[in-house]
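What follows is a single structure, written as structure tokens, with notes after it.
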2 protein chains.
Amino acid sequence: MQGMMRAIAAVALCTIPLAARAEYRVREIGSFHIGGHEVVLEGLPKSQISFTAGMAPITVDPNGQFETGQMYVQYVKLAEPSAPLPILLWHGGGLSGVTWETKPDGKPGWQQFFLEHGYDTYVSDAVERGRASWSRYPEIYTSPPLFRTKREGWDIFRIGPADGWAQEPNARQAFEGTQFPISDYDQFAKQAIPRWATNDAATQAAYDAYVRKVCPCVIVVHSQGGNFGYTAALHNPDLVKALVLVEPSGAPDPAKADASAVKGIPHLVVWGDYLDRVPFWTPLVKANAAWRDAVNKAGGHVEWLELPKAGHHGNTHMLMMDRNSDAVAARVSDWLGQQKLTR
Amino acid sequence: MQGMMRAIAAVALCTIPLAARAEYRVREIGSFHIGGHEVVLEGLPKSQISFTAGMAPITVDPNGQFETGQMYVQYVKLAEPSAPLPILLWHGGGLSGVTWETKPDGKPGWQQFFLEHGYDTYVSDAVERGRASWSRYPEIYTSPPLFRTKREGWDIFRIGPADGWAQEPNARQAFEGTQFPISDYDQFAKQAIPRWATNDAATQAAYDAYVRKVCPCVIVVHSQGGNFGYTAALHNPDLVKALVLVEPSGAPDPAKADASAVKGIPHLVVWGDYLDRVPFWTPLVKANAAWRDAVNKAGGHVEWLELPKAGHHGNTHMLMMDRNSDAVAARVSDWLGQQKLTR
């Protein structure tokens, strides 16, 4: 109860100016890799590699033992967290944990917000991304990686209409009223990480191991993380105490998964603006609504927060990077404060 | 002067037990990408990719605009740093900034050490590694990546003799007296990141931009970071106030670089044990000694710390992960305290 009161009180802080943001006492900043296993490569040909231009090449033997399938987790543990549970922040496709850190415009993101609001925070890089590392293909991963173009991000992240895209940054026309700092769109593009279409099972296994290691907890997922988060809750219903889904790009199929298994977990699904302007999103929202209805029909608690209807206009798919990211985080923090979370 | 006294006093703390380690007040945890530029791919064929097994493939167009050549930097700024300058920790080849975080045995590493000793800390992932991301080859990067086997790491990181390697973890025979926690060697292998032999110029450019953004500073480099650190000092002699080289794998050629340019920067070069057991290291140590002699002859200050001669036995190339990592960090912290560092 005290934790709840603190969380609710903390929400009031979110509109104070940047210079006055809170300091916090830290007990430990650390990290670990979790999940994965050894794989052995044999019979591949040796190759000649020159490490420096003009230098004689050396022979490289690609055969041997490697680790694959692990993910990376970084945590900040507060000396005296006021929130009763740690918060785990899971990124979306083609990105890494950087999603939650400082925004492309240089202002503090959601990791900093939740630290200032008394949460131990965990930020991870899923299998194949960032500090999790990646593995040789096609010998270990079975397919080639995909690299997202700036134009594709502009479209599916709902920064602007397809015909608003231009190669020149200054010529781009975003959706009217967008909260995304479009002059920093190319800075955001530096965060893009290659992805594979064939690593979902390994990624889920690592996420499940991660949940078993650090939870009970609150999990906040974004985009592609939606499916991983919903499934982690199905696999570990006693460890996930609340699930916040920020623009989840997928959801379990009610015909295949048992919605009643997660009826004890409060869910909050958060949607930004312009969903009717980008057809890509229509089936994804529909899949989430179907899972929402199935969980609620089974006696669960899935809340549906459409930000424009709640007075927050102009949010993109990357709403944790939008100019009003603190206001949206405060909505999430407020909702978490309303849940009966116990350690 | 007050900063120096604090730094020296802080050294005395390093032998206190883990449970009593200091908390610290944090002003901000954040990150940014720096360096790099846009590249445009054109004329590549489209491909068909199935994102989910059994689903109809979708057409992927790999052509468009991408960012390449950027690096990733994460910082922890203390509310009241007692050290007069921030410390920048640069990793070695085939690894990422994780090198400086929690050790493979789960105990705190050098990032945590320097935070507890009052330094603002910056931990980065160089171009092509970790959260810096990487680019398509051969269209953007000109060569294929290299994946280090566990056996190669065992050898060049001087964990044990070549004939001490075994596929089975329990059968491996490390050097006698090693400080490396060999039962965690496979956990360490999860930190391995693919590398390229052809990105040195882009990497140096990003490091130089990073130095210009956040320094004056102290820089601590490891292994492959040696060349990048030495060169960053040559390029920015007024911004690098001290340079600590932990087992640097290369050094500038005194016949090609002007050693007098860095005579005002105190250098500390730190070497572990078993250097005479692994022939790979002989020419690398020699190259560093030549640069040391050239800088000192030009009136500079390069100190050479061979840990076994200073009473620290059993250190590997990964000495920031060895069991006595705090004792070695204290040596570095002590040396930094002796330098006349001003903001």
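In the structure tokens, chains take letters A, B, ... by order of appearance, with residues numbered from 1 within each chain and ligands from 1 in the order shown.
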
(message) as a ChimeraX atom specification, could you give me every residue of chain A near chain B (at most 6 Å apart, counting only C-alpha atoms)?
(response) /A:23-27,30-31,51,64-67,101-102,130-131,133,149-150,190,193,197

(message) as a PyMOL selection string, please: every residue in stretch 56-272 of chain A that a backbone DSSP assignment puts in strand (DSSP E or B).
(response) chain A and resi 58-60+64-78+87-90+121-125+146+195+217-222+240-246+267-271

(request) One decimal, Å: what's the distance from atom CA of A:Ser183 over to atom CA of A:Val220, could you say? (result) 27.2 Å

(request) Find the distance between atom CA of B:Asp293 and atom CA of B:Glu247 and write it in Å to one decimal. (result) 16.7 Å

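Counting only C-alpha atoms, the residue from B:Asn236, B:Ile265, B:Trp110, B:Gly337 that sits nearest to B:Asn324 is B:Trp110.
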
(request) Extract, using only C-alpha atoms, all DNA, RNA and protein residues at most 10 Å from A:Leu88, discarding same-chain residues fewer than 3 positions from it, and format them as a VMD selection string. (result) chain A and resid 73 to 75 85 91 111 119 to 124 210 to 211 214 to 215 217 to 221 243

(request) Could you tell me how far atom CA of B:Phe157 lies from atom CA of B:Thr316, in Å and to one decimal? (result) 6.3 Å

(request) Pick out the residues sitting within 7 Å of A:Val246, and hand them over as a VMD selection string; count only C-alpha atoms, and ignore anything fewer than 2 positions along from it in its own chain. (result) chain A and resid 221 to 223 244 248 269 to 271

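Closest to B:Gln204 among B:Ala126, B:Ile140, B:Ala255, B:Ile182 is B:Ala126, based on only C-alpha atoms.
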
(message) as an MDAnalysis selection string, please: the residues near B:Gln339 (cut-off 9 Å, only C-alpha atoms, same-chain neighbours under 3 positions excluded).
(response) chainID B and resid 4 242 266 335:336

Written selection (N, CA, C and O atoms) as a PDB file, in the first residue's frame:
```
ATOM      1  N   MET B   4      42.032  15.208  -6.317  1.00  0.00           N
ATOM      2  CA  MET B   4      43.137  14.248  -6.189  1.00  0.00           C
ATOM      3  C   MET B   4      43.102  13.550  -4.834  1.00  0.00           C
ATOM      4  O   MET B   4      43.263  12.339  -4.740  1.00  0.00           O
ATOM      5  N   ALA B 242      44.551  11.673 -19.561  1.00  0.00           N
ATOM      6  CA  ALA B 242      45.326  10.499 -19.141  1.00  0.00           C
ATOM      7  C   ALA B 242      44.834   9.320 -19.971  1.00  0.00           C
ATOM      8  O   ALA B 242      43.658   9.259 -20.347  1.00  0.00           O
ATOM      9  N   PRO B 266      49.867  11.789 -19.610  1.00  0.00           N
ATOM     10  CA  PRO B 266      50.394  10.627 -18.881  1.00  0.00           C
ATOM     11  C   PRO B 266      49.746   9.340 -19.384  1.00  0.00           C
ATOM     12  O   PRO B 266      48.534   9.278 -19.560  1.00  0.00           O
ATOM     13  N   TRP B 335      47.099   5.274  -9.658  1.00  0.00           N
ATOM     14  CA  TRP B 335      47.907   6.008 -10.635  1.00  0.00           C
ATOM     15  C   TRP B 335      47.179   7.274 -11.107  1.00  0.00           C
ATOM     16  O   TRP B 335      47.771   8.341 -11.205  1.00  0.00           O
ATOM     17  N   LEU B 336      45.868   7.153 -11.360  1.00  0.00           N
ATOM     18  CA  LEU B 336      45.098   8.332 -11.774  1.00  0.00           C
ATOM     19  C   LEU B 336      45.126   9.400 -10.686  1.00  0.00           C
ATOM     20  O   LEU B 336      45.227  10.597 -10.974  1.00  0.00           O
TER      21      LEU B 336
END
```

(request) Excluding stretch 168-178 of chain B and any residue of its chain fewer than 4 positions from it, enumerate the residues within 9 Å of it, using only C-alpha atoms, and give them as a VMD selection string. (result) chain B and resid 154 158 to 161 163 to 164 182 to 183 185 to 186 273 to 274 313 to 316 322 to 323

(message) Let's see if you can do this: from backbone DSSP, list all helix (DSSP H, G or I) residues in stretch 225-288 of chain B, as a PyMOL selection string.
(response) chain B and resi 225-235+259-262+275-277+279-288

Write to file, as a CSV table (one decimal), in the first residue's frame, the residues of the selection just made, with C-alpha atoms.
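And here's again.csv as it stands now:
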```
chain,number,residue,atom,x,y,z
B,225,GLY,CA,41.2,-0.5,-28.3
B,226,GLY,CA,44.9,0.3,-27.8
B,227,ASN,CA,45.4,1.5,-31.3
B,228,PHE,CA,42.2,3.5,-31.2
B,229,GLY,CA,43.1,5.1,-27.9
B,230,TYR,CA,46.7,5.9,-28.8
B,231,THR,CA,45.5,7.5,-32.1
B,232,ALA,CA,42.6,9.4,-30.4
B,233,ALA,CA,45.3,10.9,-28.1
B,234,LEU,CA,47.4,11.9,-31.1
B,235,HIS,CA,44.3,13.4,-32.8
B,259,ALA,CA,55.4,10.9,-30.4
B,260,SER,CA,56.0,14.4,-29.2
B,261,ALA,CA,52.4,15.3,-29.8
B,262,VAL,CA,51.3,13.2,-26.8
B,275,LEU,CA,53.0,-13.2,-21.7
B,276,ASP,CA,56.0,-15.5,-22.4
B,277,ARG,CA,53.7,-18.5,-22.7
B,279,PRO,CA,53.9,-16.3,-28.8
B,280,PHE,CA,51.0,-14.2,-30.3
B,281,TRP,CA,51.8,-11.5,-27.7
B,282,THR,CA,55.6,-11.1,-28.3
B,283,PRO,CA,55.4,-8.7,-31.3
B,284,LEU,CA,52.5,-6.8,-29.8
B,285,VAL,CA,54.3,-6.1,-26.6
B,286,LYS,CA,57.4,-5.1,-28.6
B,287,ALA,CA,55.3,-2.6,-30.7
B,288,ASN,CA,54.0,-1.0,-27.5
```

(message) When you look at A:Pro254 with a cut-off of 8 Å (counting only C-alpha atoms), what residues show up, excluding the ones that are within fewer than 5 positions of it in the same chain? I need them as number ranges by chain.
(response) A: 259, 290-291, 294

Take the residues from that selection and put them in a file with all heavy atoms, as a PDB file, in the first residue's frame.
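result32.pdb, freshly written:
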```pdb
ATOM      1  N   ALA A 259      -6.457 -18.366 -22.852  1.00  0.00           N
ATOM      2  CA  ALA A 259      -6.533 -17.000 -22.317  1.00  0.00           C
ATOM      3  C   ALA A 259      -6.760 -16.992 -20.807  1.00  0.00           C
ATOM      4  O   ALA A 259      -6.366 -16.046 -20.123  1.00  0.00           O
ATOM      5  CB  ALA A 259      -7.642 -16.218 -23.035  1.00  0.00           C
ATOM      6  N   ALA A 290      -8.674  -9.192 -30.353  1.00  0.00           N
ATOM      7  CA  ALA A 290      -9.230 -10.535 -30.197  1.00  0.00           C
ATOM      8  C   ALA A 290      -8.683 -11.211 -28.933  1.00  0.00           C
ATOM      9  O   ALA A 290      -9.425 -11.864 -28.186  1.00  0.00           O
ATOM     10  CB  ALA A 290      -8.908 -11.382 -31.436  1.00  0.00           C
ATOM     11  N   TRP A 291      -7.384 -11.014 -28.691  1.00  0.00           N
ATOM     12  CA  TRP A 291      -6.787 -11.608 -27.481  1.00  0.00           C
ATOM     13  C   TRP A 291      -7.316 -10.894 -26.227  1.00  0.00           C
ATOM     14  O   TRP A 291      -7.637 -11.532 -25.221  1.00  0.00           O
ATOM     15  CB  TRP A 291      -5.261 -11.530 -27.566  1.00  0.00           C
ATOM     16  CG  TRP A 291      -4.557 -12.163 -26.400  1.00  0.00           C
ATOM     17  CD1 TRP A 291      -3.774 -11.535 -25.474  1.00  0.00           C
ATOM     18  CD2 TRP A 291      -4.580 -13.547 -26.019  1.00  0.00           C
ATOM     19  NE1 TRP A 291      -3.304 -12.424 -24.549  1.00  0.00           N
ATOM     20  CE2 TRP A 291      -3.777 -13.677 -24.858  1.00  0.00           C
ATOM     21  CE3 TRP A 291      -5.201 -14.689 -26.547  1.00  0.00           C
ATOM     22  CZ2 TRP A 291      -3.575 -14.893 -24.215  1.00  0.00           C
ATOM     23  CZ3 TRP A 291      -4.995 -15.916 -25.900  1.00  0.00           C
ATOM     24  CH2 TRP A 291      -4.197 -16.005 -24.757  1.00  0.00           C
ATOM     25  N   ALA A 294     -10.695 -12.230 -25.486  1.00  0.00           N
ATOM     26  CA  ALA A 294     -10.634 -13.603 -24.963  1.00  0.00           C
ATOM     27  C   ALA A 294     -10.197 -13.609 -23.500  1.00  0.00           C
ATOM     28  O   ALA A 294     -10.764 -14.333 -22.676  1.00  0.00           O
ATOM     29  CB  ALA A 294      -9.659 -14.435 -25.813  1.00  0.00           C
TER      30      ALA A 294
END
```
